[in-house]
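*Asks:* Structure below; questions to follow.
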Amino acid sequence: MSDQTPMDIDYVANLARIELSDEEKSIYQKQLGDVLKYFDKLQELDVENVEPTAHAFPRYNVWDKDEARSGLPVAEALKNAPQSRQDQVVVPKVIEE
Amino acid sequence: MEYEAVIGLEVHVQLDTNSKMFTRVGTGFGQPPNSLTDPVVLGLPGALPVMNEEAIEKSIKVGLLLDCKIAEVCKWDRKNYFYPDMPKNYQISQYDQPICEGGQVEIELAGDNPSRMGPHRMVELTRIHLEEDVGKLTHYEQDSLVDYNRAGCPLLEIVSEPDMHTPDEVFAYLTSLRNSLVAAGISACDMEKGQLRCDANISVRPKGENTLGTKVELKNLNTISGVRNGVEYEIRRQIRAIEEGTPIIQETRRWNPEQKYTTPMRTKEMAHDYRYFPDPDLMPVQIDQAWIDRVRKELPEKPFDKQRRYQEEMSLPYSITSALCGDHLLCAYFEEAAGLAKSAGKVANWVVNDLLRELSQANKVDEFAEEETEKITPQSCAVSPQMLAELVNLIEDGKLTNNVAKELFPEMFVTGKSATELAKEKGLDQQSDDSEIEGICAEAIANDPDAAEKFRGGKEGAINALKGAVMKATRGQANPKVVDETLRRLLAS
Amino acid sequence: MSSDSPIFKSATELSQDLKAGTVSAVEITQAMIDRIDTVDEKVNAFLHIDKEDALAQAKASDERRARGELLSLLDGIPVGMKDVISVKDQPLTAASKILENYRSPYDATVVRKLKEAGAVVTGRLNLDEFAMGSSTENSAYGPTRNPWNLDCVPGGSSGGSSAAVAAREVPLSLGSDTGGSIRQPASLCGVVGMKPTYGMVSRYGLAAFASSLDQIGPFSTTVEDTALLLEIISGHDSLDSTSYPTEVPSYYAELKKSSEPKVLGLPKEFFGPGMDDEVRASIEQVIEYYRSIGYQTKEVSLPTTDLSIPVYYVIATAEASSNLARYDGIRYTSRSERAENAVDVYAKSRGEGFGSEVKRRCILGAYALSSGYYDAYYLRAQKARTLIRQDFEKAFTEVDAILTPTSPTPAFKFGEKSDDPISMYLSDVYTISTNLAGLPGISVPSGFSGSGLPIGVQLIGKAFEESSLLQIAHAYDREHLHGQKAPNL
Ligand SMILES: [Mg+2]
Ligand SMILES: [Zn+2]
């Protein structure tokens, strides 16, 4: 898997929304390449008709009744915000759309 | 060359629940910004989602309403992408195991005769899945503000097949869908409040062609007429492009309702690599037959079935049923009143003409009003179904003339007094006391002997002069039938 | 410092002294604060401590005691928190720059339970950033040092929680364990550390690393104390959909009951090459002891053991890449000054705010989920996870618990593995499969190496059978009490 496809570090870093320096990129490219090689063990494994495990102890229908409870006061909700105005969180202009 | 448009809709409907999809903080429109949040809504470190049972039951209800196949098991997946209105930067949604698959929405198209029911057809659905809503972004010159009140509200995405071909079909689809959902108490579906949102996938192809053309996703269709106009424009734009030989690019375009044209949107980078995977914080949902049966019992009659029943069983005219059946509250009111009245037909007329008129006047929005006032509904208005039934029965029994009733109704609507009460107060109640009538008739005959003579002489028409006199004397309240009988009896003797 | 000072006593002893009235909760908390003031600049286990708040809680406990309104055996006993567990109005940094200025507006469920039990919940303990690491070197606020040898790592990711207990700065602490992050540092610091069955302890309020693997668990100097702390934090929680509805017995009371000898499984795959000789010797000594008290041992096989590391790193990094997306510089995390538009805010704030291991894992995880790779990595790993669970299920048809070393080596030196992800990942080889199978595991001090570094033995139990696992661990610990030995600082 890893040998036919070296990771496109720019694409993935962008997916993860993490800015990397060129130096970081080359380090990660190498390290992650090794890790992926190491992961090739997985590719050799025969998992024909094996059910995937999403939860160690799966159950169904874990829910609440639809009864509203009080939440956070506005001041508490915004106290950690880097920037806020009119009781709302300020974000730099959204260029998309 | 003739072209055919192929249209599919993605409709997002906010479910009307007390608490959010994955946490129990309250929901509500028009609350102060960020007053409906908690650690889960804000995606704080350590916060975890817990399903809302009611949202799942409402989704099952929608599935049954639209004849979908309800999944025995459905699960939750994370749709990963970064956007400021999405607190966790992933949306909890359903990827490969939605709660409903298939299904259909019955639509009615305009017929050639507006007074008769137009042609009906089914629009096929692909799937329905449940997810969480995002917050609200407001854009300003320099920056944008985020309010997370809406974030985390239960949102149902209803995806149709590319099964519509004209703006009218799209309009009919949305109207029918909304009527069914509102009638079933799923959502108020108010597009202005964002409770119902719609994106359209549109492509055109030469008529008769089977392969689909390049599809364009159209967004910002914020009103039902906006959807119709936007779709109409986009179809024309694509046909023009094809004819001019400019290729259609697969893109997302935005409808600008003011300028009335669509423009390409800068779409989210790599919006297509959402890295879906099962949400490890949530357990799957299992829906057994018993649950489905229980929900099915609570399903309301579908609006079009109701309309057909009104026409067939109550033999109401199409024009009346179509006025009634767009509004389930009006239908409920009508059926209750009709049950008590001697003529369902008359009740229907009163509801469609007089009640609707008074309601729309009462609900006229006053742009100077501080905040929006509670809308008056048929149920909350001063004239109860019992009162309307009484009014109609008084007319039927000849105790009240139609004209008088028409005068009384607006006052009933304002004062909440019954027809009998008002009639008494105004002394308008139709005189049916025969002895009194008999006196007045005798007097009329005495005052106009030669009319009486002519009648006895076989001149039928002469009785009208006497009738006129009696009606004049009773200020038009006497029951014409009674007056006629009395005069004839007296003249015969 | 005299050895009858509160700091050298176990929580159980402290609770007896409080009962006897020979010490007050305020005195215990003050002694703890003084100890932190004298030794923590060497150890650096604490990222933050709110002394006033701690003393106020202790005072309230003494007042309850005076009124005869004791809430639990832990009433008045300090418990330190790994800095990923939310405590209302306290910082939560996850040892990351990106959460530098964050204060939690709510209590984690475990914190609520501890406060309801009267415990003094105090201190924010160091860790590998977002619990990603095995040495506590990946902390934005400097590494924690091993109290037994300040040139060595304390293990990780809960290195602050293990070192604080080992250094006698606090009698009890909580950590989180995703692939060994409680048991491995417990082993390297010579204390008891336990990861409960997945779903036994609520995760509500624990900053998530890998949701399907994370569990909160206790650190203490004795198995007895671990039982005491575990029974208070365990139990079903309606705020965590993965919390398991099951009765929580009094583990502490259960310990006192005599239990007949059990059958211990020795997985042959764990005793192969790669295990340090002194570790092997220490573990064999433990096995001998169990045999001497009538336990049987039995070789078992866990053939998928060599898969556990790749499976773990695929699942853990995939879940982490999504779990950590919320740290974006928008609502509560630090925002890059260089950000000019919304996209910048993300990439720059995360680029500046995250350390290198966190970036590496987020990128690896995003890759494992990206289109075209999901089936090859994440889905395959989930299927392999099923095989790993089945291995354990099979083994547990023959044995009551599985005995292994906790870590292949004693504490290693700073920098020794930090440049080589894979060798670092390998230090979790004995602990990781327990998380993948969701089983409870406990590390008990089994002695010391020639150079005086602690060594630990791991016992893995059946799902939701913490009681029996604790009894087995206690059978060794009560006779050896290696965890009661304190380092010279
Ligand atoms: Mg969609
Ligand atoms: Zn959607």
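Each chain of the structure tokens is named A, B, ... in the order shown, its residues numbered from 1; ligands are numbered from 1 in display order.
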With only C-alpha atoms as the counted atoms, please give the residues lying no more than 8 Å from region 11-20 of chain A, apart from itself and same-chain residues fewer than 3 positions off, as a list in words.
*Replies:*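 Skipping anything fewer than 3 positions along the chain leaves Met7, Asp8, Glu23, Glu24 and Lys25 of chain A; Tyr81, Phe82, Met270 and Asp273 of chain B; Ser321, Ala325, Val343, Tyr346, Ala347, Lys348, Arg350, Gly351, Glu352, Lys359, Cys362, Ile363, Ala366 and Tyr367 of chain C.
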*Asks:* Pull the strand (DSSP E or B) assignments for chain A out of DSSP run on the backbone, and list those residues as a list in words.
*Replies:* Trp63, Asp64, Arg69, Ser84, Arg85, Gln88, Val89, Val90, Val91 and Pro92 of chain A
*Asks:* Hey, list the chain C side of the contact with chain B: 7 Å cut-off, only C-alpha atoms, answer as a ChimeraX atom specification.
*Replies:* /C:204-208,211-212,239-242,322,325-326,369-371
*Asks:* Could you please extract the residues within 10 Å of ligand 1, counting only C-alpha atoms and all ligand atoms, and hand them back as JSON, numbers by chain?
*Replies:* {"B": [9, 10, 11, 12, 93, 129, 157, 158, 159, 199]}
*Asks:* Compute the chain A side of the contact with chain B at 6 Å, counting only C-alpha atoms, and hand it back as a ChimeraX atom specification.
*Replies:* /A:60-61,63-66,68-72,74,88-93,96-97
*Asks:* Could you take the residues named above and write them with C-alpha atoms, as a short mmCIF file (atom, residue, chain, number, x, y, z; two decimals), in the first residue's frame?
*Replies:*
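As a result, result-v2.cif now contains:
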```cif
data_model
loop_
_atom_site.label_atom_id
_atom_site.label_comp_id
_atom_site.auth_asym_id
_atom_site.auth_seq_id
_atom_site.Cartn_x
_atom_site.Cartn_y
_atom_site.Cartn_z
CA TYR A 60 -28.29 -0.17 20.74
CA ASN A 61 -30.54 2.82 21.38
CA TRP A 63 -30.56 7.89 24.20
CA ASP A 64 -32.40 10.43 26.38
CA LYS A 65 -36.01 11.51 26.51
CA ASP A 66 -36.54 14.85 24.74
CA ALA A 68 -34.78 20.36 27.65
CA ARG A 69 -32.27 21.27 30.36
CA SER A 70 -30.66 24.67 30.86
CA GLY A 71 -27.29 25.18 29.21
CA LEU A 72 -24.43 27.63 29.66
CA VAL A 74 -23.96 33.42 27.41
CA GLN A 88 -21.23 36.29 19.17
CA VAL A 89 -17.89 34.77 18.23
CA VAL A 90 -15.91 36.89 15.77
CA VAL A 91 -14.15 35.10 12.91
CA PRO A 92 -12.07 36.71 10.18
CA LYS A 93 -13.91 37.14 6.91
CA GLU A 96 -15.50 30.84 0.82
CA GLU A 97 -18.93 31.77 -0.67
#
```
*Asks:* Would you give me, as a Markdown table, each residue of chain C having an atom within 8 Å of an atom of chain A, along with its shortest atom pair and that distance in Å to one decimal, using only C-alpha atoms and sorting by chain and residue number?
*Replies:*
```
| residue | atom | partner | partner_atom | distance |
| --- | --- | --- | --- | --- |
| C:Asn101 | CA | A:Asn80 | CA | 7.4 |
| C:Tyr102 | CA | A:Asn80 | CA | 5.8 |
| C:Arg103 | CA | A:Asn80 | CA | 7.0 |
| C:Pro105 | CA | A:Glu76 | CA | 6.6 |
| C:Tyr198 | CA | A:Ala56 | CA | 7.2 |
| C:Ser212 | CA | A:His55 | CA | 6.2 |
| C:Ser238 | CA | A:Asp64 | CA | 7.8 |
| C:Ser241 | CA | A:Val62 | CA | 5.9 |
| C:Leu307 | CA | A:Lys41 | CA | 7.0 |
| C:Pro310 | CA | A:Phe39 | CA | 5.2 |
| C:Val311 | CA | A:Leu42 | CA | 7.4 |
| C:Ser321 | CA | A:Ala16 | CA | 7.2 |
| C:Ala325 | CA | A:Ala16 | CA | 7.6 |
| C:Gly329 | CA | A:Pro82 | CA | 7.3 |
| C:Ile330 | CA | A:Val91 | CA | 6.6 |
| C:Arg331 | CA | A:Ala81 | CA | 4.7 |
| C:Tyr332 | CA | A:Ala81 | CA | 4.4 |
| C:Thr333 | CA | A:Pro82 | CA | 7.0 |
| C:Ser334 | CA | A:Pro82 | CA | 6.3 |
| C:Arg335 | CA | A:Pro82 | CA | 6.5 |
| C:Ala339 | CA | A:Pro92 | CA | 7.7 |
| C:Glu340 | CA | A:Pro92 | CA | 6.3 |
| C:Asn341 | CA | A:Pro92 | CA | 4.8 |
| C:Ala342 | CA | A:Val94 | CA | 5.2 |
| C:Val343 | CA | A:Val94 | CA | 7.7 |
| C:Val345 | CA | A:Pro92 | CA | 7.8 |
| C:Tyr346 | CA | A:Arg17 | CA | 5.8 |
| C:Ala347 | CA | A:Ile18 | CA | 4.3 |
| C:Lys348 | CA | A:Glu19 | CA | 5.5 |
| C:Arg350 | CA | A:Ile18 | CA | 5.5 |
| C:Gly351 | CA | A:Glu19 | CA | 4.6 |
| C:Glu352 | CA | A:Glu19 | CA | 7.9 |
| C:Lys359 | CA | A:Ile18 | CA | 7.2 |
| C:Arg360 | CA | A:Tyr28 | CA | 6.6 |
| C:Cys362 | CA | A:Ala16 | CA | 6.7 |
| C:Ile363 | CA | A:Ala13 | CA | 5.9 |
| C:Leu364 | CA | A:Leu32 | CA | 7.0 |
| C:Ala366 | CA | A:Ala16 | CA | 6.1 |
| C:Tyr367 | CA | A:Val12 | CA | 6.0 |
| C:Ala376 | CA | A:Gln43 | CA | 7.0 |
| C:Tyr377 | CA | A:Leu42 | CA | 7.6 |
| C:Leu379 | CA | A:Pro52 | CA | 6.8 |
| C:Arg380 | CA | A:Leu42 | CA | 7.0 |
| C:Ala381 | CA | A:Leu42 | CA | 7.1 |
| C:Gln382 | CA | A:Pro52 | CA | 4.6 |
| C:Lys383 | CA | A:Pro52 | CA | 4.0 |
| C:Ala384 | CA | A:Val47 | CA | 7.0 |
| C:Arg385 | CA | A:Thr53 | CA | 6.1 |
| C:Thr386 | CA | A:Thr53 | CA | 5.4 |
| C:Leu387 | CA | A:Val50 | CA | 7.9 |
| C:Asp420 | CA | A:Gln31 | CA | 7.9 |
| C:Pro421 | CA | A:Gln31 | CA | 7.4 |
| C:Ile422 | CA | A:Val35 | CA | 6.8 |
| C:Leu436 | CA | A:Ala56 | CA | 7.4 |
| C:Ala437 | CA | A:Ala56 | CA | 6.1 |
| C:Gly438 | CA | A:Ala56 | CA | 5.4 |
```
*Asks:* Write the residues you've just listed into a file as an mmCIF file, in the first residue's frame, and include C-alpha atoms for each of them.
*Replies:*
```cif
data_model
loop_
_atom_site.group_PDB
_atom_site.id
_atom_site.type_symbol
_atom_site.label_atom_id
_atom_site.label_comp_id
_atom_site.auth_asym_id
_atom_site.auth_seq_id
_atom_site.Cartn_x
_atom_site.Cartn_y
_atom_site.Cartn_z
ATOM 1 C CA ASN C 101 -5.799 30.252 28.096
ATOM 2 C CA TYR C 102 -8.762 27.883 28.332
ATOM 3 C CA ARG C 103 -10.756 27.408 31.520
ATOM 4 C CA PRO C 105 -16.946 25.854 32.415
ATOM 5 C CA TYR C 198 -14.038 0.382 28.511
ATOM 6 C CA SER C 212 -13.194 4.089 21.283
ATOM 7 C CA SER C 238 -26.211 9.076 30.987
ATOM 8 C CA SER C 241 -23.356 6.954 25.393
ATOM 9 C CA LEU C 307 -0.923 -6.646 14.813
ATOM 10 C CA PRO C 310 -0.472 -1.009 13.599
ATOM 11 C CA VAL C 311 -4.159 -1.573 14.404
ATOM 12 C CA SER C 321 -7.604 13.569 13.667
ATOM 13 C CA ALA C 325 -10.453 19.219 14.741
ATOM 14 C CA GLY C 329 -8.715 29.002 17.060
ATOM 15 C CA ILE C 330 -12.372 29.949 16.684
ATOM 16 C CA ARG C 331 -14.396 29.443 19.895
ATOM 17 C CA TYR C 332 -11.970 28.822 22.759
ATOM 18 C CA THR C 333 -8.470 27.983 21.566
ATOM 19 C CA SER C 334 -5.668 30.474 20.886
ATOM 20 C CA ARG C 335 -5.880 32.141 17.471
ATOM 21 C CA ALA C 339 -4.602 34.710 10.445
ATOM 22 C CA GLU C 340 -6.219 36.915 7.800
ATOM 23 C CA ASN C 341 -9.196 34.787 6.843
ATOM 24 C CA ALA C 342 -11.138 31.842 8.217
ATOM 25 C CA VAL C 343 -8.982 29.225 6.478
ATOM 26 C CA VAL C 345 -7.285 30.727 11.391
ATOM 27 C CA TYR C 346 -7.392 26.946 11.177
ATOM 28 C CA ALA C 347 -4.120 26.104 9.497
ATOM 29 C CA LYS C 348 -2.034 28.761 11.255
ATOM 30 C CA ARG C 350 -3.184 24.619 14.580
ATOM 31 C CA GLY C 351 0.270 24.831 12.980
ATOM 32 C CA GLU C 352 1.428 27.128 15.795
ATOM 33 C CA LYS C 359 0.646 17.191 14.093
ATOM 34 C CA ARG C 360 2.190 13.891 13.005
ATOM 35 C CA CYS C 362 -3.440 14.222 13.049
ATOM 36 C CA ILE C 363 -1.909 14.015 9.578
ATOM 37 C CA LEU C 364 -1.511 10.228 9.781
ATOM 38 C CA ALA C 366 -6.483 12.220 8.231
ATOM 39 C CA TYR C 367 -4.563 10.148 5.684
ATOM 40 C CA ALA C 376 -7.154 -0.239 3.361
ATOM 41 C CA TYR C 377 -6.450 1.326 6.735
ATOM 42 C CA LEU C 379 -11.787 -0.493 8.008
ATOM 43 C CA ARG C 380 -9.086 -3.166 7.942
ATOM 44 C CA ALA C 381 -7.868 -2.055 11.366
ATOM 45 C CA GLN C 382 -11.403 -2.332 12.743
ATOM 46 C CA LYS C 383 -11.644 -5.876 11.390
ATOM 47 C CA ALA C 384 -8.256 -6.790 12.814
ATOM 48 C CA ARG C 385 -9.514 -5.358 16.102
ATOM 49 C CA THR C 386 -12.236 -7.996 16.041
ATOM 50 C CA LEU C 387 -9.586 -10.734 15.713
ATOM 51 C CA ASP C 420 11.971 7.613 16.300
ATOM 52 C CA PRO C 421 8.178 7.282 16.406
ATOM 53 C CA ILE C 422 8.170 3.522 15.856
ATOM 54 C CA LEU C 436 -8.306 -2.664 21.611
ATOM 55 C CA ALA C 437 -10.174 -5.471 23.413
ATOM 56 C CA GLY C 438 -11.694 -3.004 25.932
#
```
*Asks:* Could you give me, as a PyMOL selection string, the residues within 12 Å of Asp83 (chain C), counting only C-alpha atoms and dropping anything in the same chain fewer than 2 positions from it?
*Replies:* (chain B and resi 45-46) or (chain C and resi 45-49+80-81+85-87+90-96+99-100+102-104+108+122-131+139+141+157-161+173-176+205-208+216)
*Asks:* Just the residues within 12 Å of Ser407 (chain C), please, counting only C-alpha atoms, with nothing from its chain fewer than 4 positions along; format it as a PyMOL selection string.
*Replies:* chain C and resi 134+155-156+179-190+270-271+274-276+278-280+282-283+411-412+424-432+443-446+454-458
*Asks:* So that I have them on file, write out the residues from the current selection with C-alpha atoms, as a PDB file, in the first residue's frame.
*Replies:*
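The new file result34.pdb reads:
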```
ATOM      1  CA  SER C 134       4.773   7.397  26.113  1.00  0.00           C
ATOM      2  CA  GLY C 155       6.526   7.230  30.997  1.00  0.00           C
ATOM      3  CA  GLY C 156       3.403   8.574  29.420  1.00  0.00           C
ATOM      4  CA  GLY C 179      -2.908   2.423  24.700  1.00  0.00           C
ATOM      5  CA  GLY C 180      -1.162   2.110  28.058  1.00  0.00           C
ATOM      6  CA  SER C 181      -1.015   5.737  29.160  1.00  0.00           C
ATOM      7  CA  ILE C 182      -1.856   4.840  32.776  1.00  0.00           C
ATOM      8  CA  ARG C 183      -0.198   1.432  33.148  1.00  0.00           C
ATOM      9  CA  GLN C 184       3.125   2.208  31.439  1.00  0.00           C
ATOM     10  CA  PRO C 185       3.915   5.370  33.481  1.00  0.00           C
ATOM     11  CA  ALA C 186       2.706   3.611  36.644  1.00  0.00           C
ATOM     12  CA  SER C 187       5.212   0.870  35.891  1.00  0.00           C
ATOM     13  CA  LEU C 188       8.050   3.301  35.110  1.00  0.00           C
ATOM     14  CA  CYS C 189       7.365   5.328  38.296  1.00  0.00           C
ATOM     15  CA  GLY C 190       6.791   2.371  40.632  1.00  0.00           C
ATOM     16  CA  PHE C 270       4.634 -11.456  25.208  1.00  0.00           C
ATOM     17  CA  PHE C 271       7.573 -13.345  26.642  1.00  0.00           C
ATOM     18  CA  GLY C 274      12.646  -7.555  23.138  1.00  0.00           C
ATOM     19  CA  MET C 275      11.996  -7.953  26.846  1.00  0.00           C
ATOM     20  CA  ASP C 276      14.699  -6.531  29.117  1.00  0.00           C
ATOM     21  CA  GLU C 278      15.772  -7.419  34.569  1.00  0.00           C
ATOM     22  CA  VAL C 279      12.111  -6.983  33.616  1.00  0.00           C
ATOM     23  CA  ARG C 280      11.914 -10.700  32.782  1.00  0.00           C
ATOM     24  CA  SER C 282      11.137  -9.374  38.033  1.00  0.00           C
ATOM     25  CA  ILE C 283       8.089 -10.831  36.300  1.00  0.00           C
ATOM     26  CA  ALA C 411      12.284   3.995  32.411  1.00  0.00           C
ATOM     27  CA  PHE C 412      14.442   5.171  29.497  1.00  0.00           C
ATOM     28  CA  MET C 424       8.447   4.945  20.933  1.00  0.00           C
ATOM     29  CA  TYR C 425       5.275   3.221  19.741  1.00  0.00           C
ATOM     30  CA  LEU C 426       6.853  -0.139  20.571  1.00  0.00           C
ATOM     31  CA  SER C 427       7.174   0.744  24.257  1.00  0.00           C
ATOM     32  CA  ASP C 428       3.388   0.249  24.447  1.00  0.00           C
ATOM     33  CA  VAL C 429       3.499  -3.222  22.919  1.00  0.00           C
ATOM     34  CA  TYR C 430       2.266  -4.990  26.097  1.00  0.00           C
ATOM     35  CA  THR C 431      -0.504  -2.578  26.969  1.00  0.00           C
ATOM     36  CA  ILE C 432      -2.103  -1.644  23.643  1.00  0.00           C
ATOM     37  CA  SER C 443       0.078  -2.347  36.584  1.00  0.00           C
ATOM     38  CA  VAL C 444       1.452  -3.297  40.006  1.00  0.00           C
ATOM     39  CA  PRO C 445       5.014  -2.475  41.129  1.00  0.00           C
ATOM     40  CA  SER C 446       7.033  -5.698  41.051  1.00  0.00           C
ATOM     41  CA  PRO C 454      10.933   0.579  39.135  1.00  0.00           C
ATOM     42  CA  ILE C 455       9.500  -2.354  37.216  1.00  0.00           C
ATOM     43  CA  GLY C 456       5.833  -3.250  36.942  1.00  0.00           C
ATOM     44  CA  VAL C 457       3.734  -6.323  36.260  1.00  0.00           C
ATOM     45  CA  GLN C 458       0.522  -6.061  34.265  1.00  0.00           C
TER      46      GLN C 458
END
```
*Asks:* Would you work out the distance separating CA of Leu155 (chain B) from CA of Tyr95 (chain B), expressed in Å to one decimal?
*Replies:*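 These atoms are spaced 14.3 Å apart.
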*Asks:* Mind giving me the straight-line distance from CA of Asp328 (chain C) to CA of Ser349 (chain C) in Å, one decimal?
*Replies:*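 Separation of CA of Asp328 (chain C) and CA of Ser349 (chain C): 6.5 Å.
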*Asks:* Excluding same-chain residues fewer than 2 positions from region 467-481 of chain C, what lies within 6 Å of it counting only C-alpha atoms, as a list in words?
*Replies:*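 These residues fall inside the cut-off: Val223, Tyr251, Leu255, Gly461, Glu465, Gly483 and Gln484 of chain C.
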*Asks:* Any chance you could list, as a PyMOL selection string, the residues in region 193-355 of chain B that come up alpha helix (DSSP H) when DSSP is run on the backbone?
*Replies:* chain B and resi 224-244+289-297+303-313+318-325+328-340+344-350
*Asks:* Okay, now the selection with C-alpha atoms, as a short mmCIF file (atom, residue, chain, number, x, y, z; two decimals), in the first residue's frame?
*Replies:*
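New file out-v2.cif:
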```cif
data_model
loop_
_atom_site.label_atom_id
_atom_site.label_comp_id
_atom_site.auth_asym_id
_atom_site.auth_seq_id
_atom_site.Cartn_x
_atom_site.Cartn_y
_atom_site.Cartn_z
CA ILE B 224 -40.69 28.59 -2.05
CA SER B 225 -41.11 31.12 -4.84
CA GLY B 226 -37.35 31.70 -4.70
CA VAL B 227 -36.89 28.01 -5.42
CA ARG B 228 -39.25 28.21 -8.39
CA ASN B 229 -37.62 31.32 -9.83
CA GLY B 230 -34.07 30.15 -9.16
CA VAL B 231 -34.68 26.79 -10.80
CA GLU B 232 -36.44 28.43 -13.73
CA TYR B 233 -33.52 30.83 -14.29
CA GLU B 234 -30.88 28.12 -13.96
CA ILE B 235 -32.63 25.89 -16.51
CA ARG B 236 -32.77 28.76 -18.99
CA ARG B 237 -29.11 29.62 -18.31
CA GLN B 238 -28.02 26.05 -19.00
CA ILE B 239 -30.06 25.75 -22.19
CA ARG B 240 -28.65 29.06 -23.42
CA ALA B 241 -25.12 27.89 -22.60
CA ILE B 242 -25.62 24.65 -24.53
CA GLU B 243 -27.02 26.49 -27.50
CA GLU B 244 -24.10 28.93 -27.43
CA GLN B 289 -41.54 -3.61 13.96
CA ALA B 290 -43.43 -2.86 17.18
CA TRP B 291 -42.05 0.66 17.23
CA ILE B 292 -42.86 1.18 13.55
CA ASP B 293 -46.43 -0.08 14.13
CA ARG B 294 -46.90 2.23 17.08
CA VAL B 295 -45.73 5.26 15.10
CA ARG B 296 -47.87 4.26 12.13
CA LYS B 297 -50.97 4.40 14.37
CA PRO B 303 -53.43 15.90 2.75
CA PHE B 304 -54.27 14.58 -0.71
CA ASP B 305 -56.18 11.59 0.74
CA LYS B 306 -58.15 14.02 2.86
CA GLN B 307 -58.93 16.14 -0.17
CA ARG B 308 -60.16 13.12 -2.11
CA ARG B 309 -62.32 12.11 0.85
CA TYR B 310 -63.87 15.59 1.08
CA GLN B 311 -64.70 15.46 -2.60
CA GLU B 312 -66.02 11.90 -2.67
CA GLU B 313 -67.71 11.48 0.73
CA TYR B 318 -62.52 20.97 -5.78
CA SER B 319 -62.12 24.73 -5.33
CA ILE B 320 -63.28 24.43 -1.72
CA THR B 321 -61.21 21.32 -0.89
CA SER B 322 -58.05 22.81 -2.33
CA ALA B 323 -58.58 25.91 -0.20
CA LEU B 324 -59.08 23.69 2.88
CA CYS B 325 -56.47 21.01 2.39
CA HIS B 328 -54.43 21.04 8.36
CA LEU B 329 -55.67 23.34 11.13
CA LEU B 330 -58.40 24.63 8.87
CA CYS B 331 -59.31 21.04 7.99
CA ALA B 332 -59.51 20.07 11.66
CA TYR B 333 -61.73 23.07 12.35
CA PHE B 334 -63.92 22.29 9.37
CA GLU B 335 -64.38 18.63 10.30
CA GLU B 336 -65.33 19.48 13.85
CA ALA B 337 -67.88 22.10 12.78
CA ALA B 338 -69.22 19.93 9.98
CA GLY B 339 -69.78 17.13 12.49
CA LEU B 340 -72.15 19.38 14.44
CA ALA B 344 -71.11 20.14 5.74
CA GLY B 345 -71.16 21.96 2.43
CA LYS B 346 -72.41 25.19 3.98
CA VAL B 347 -69.84 24.90 6.79
CA ALA B 348 -67.09 24.46 4.19
CA ASN B 349 -68.20 27.62 2.43
CA TRP B 350 -68.23 29.59 5.67
#
```
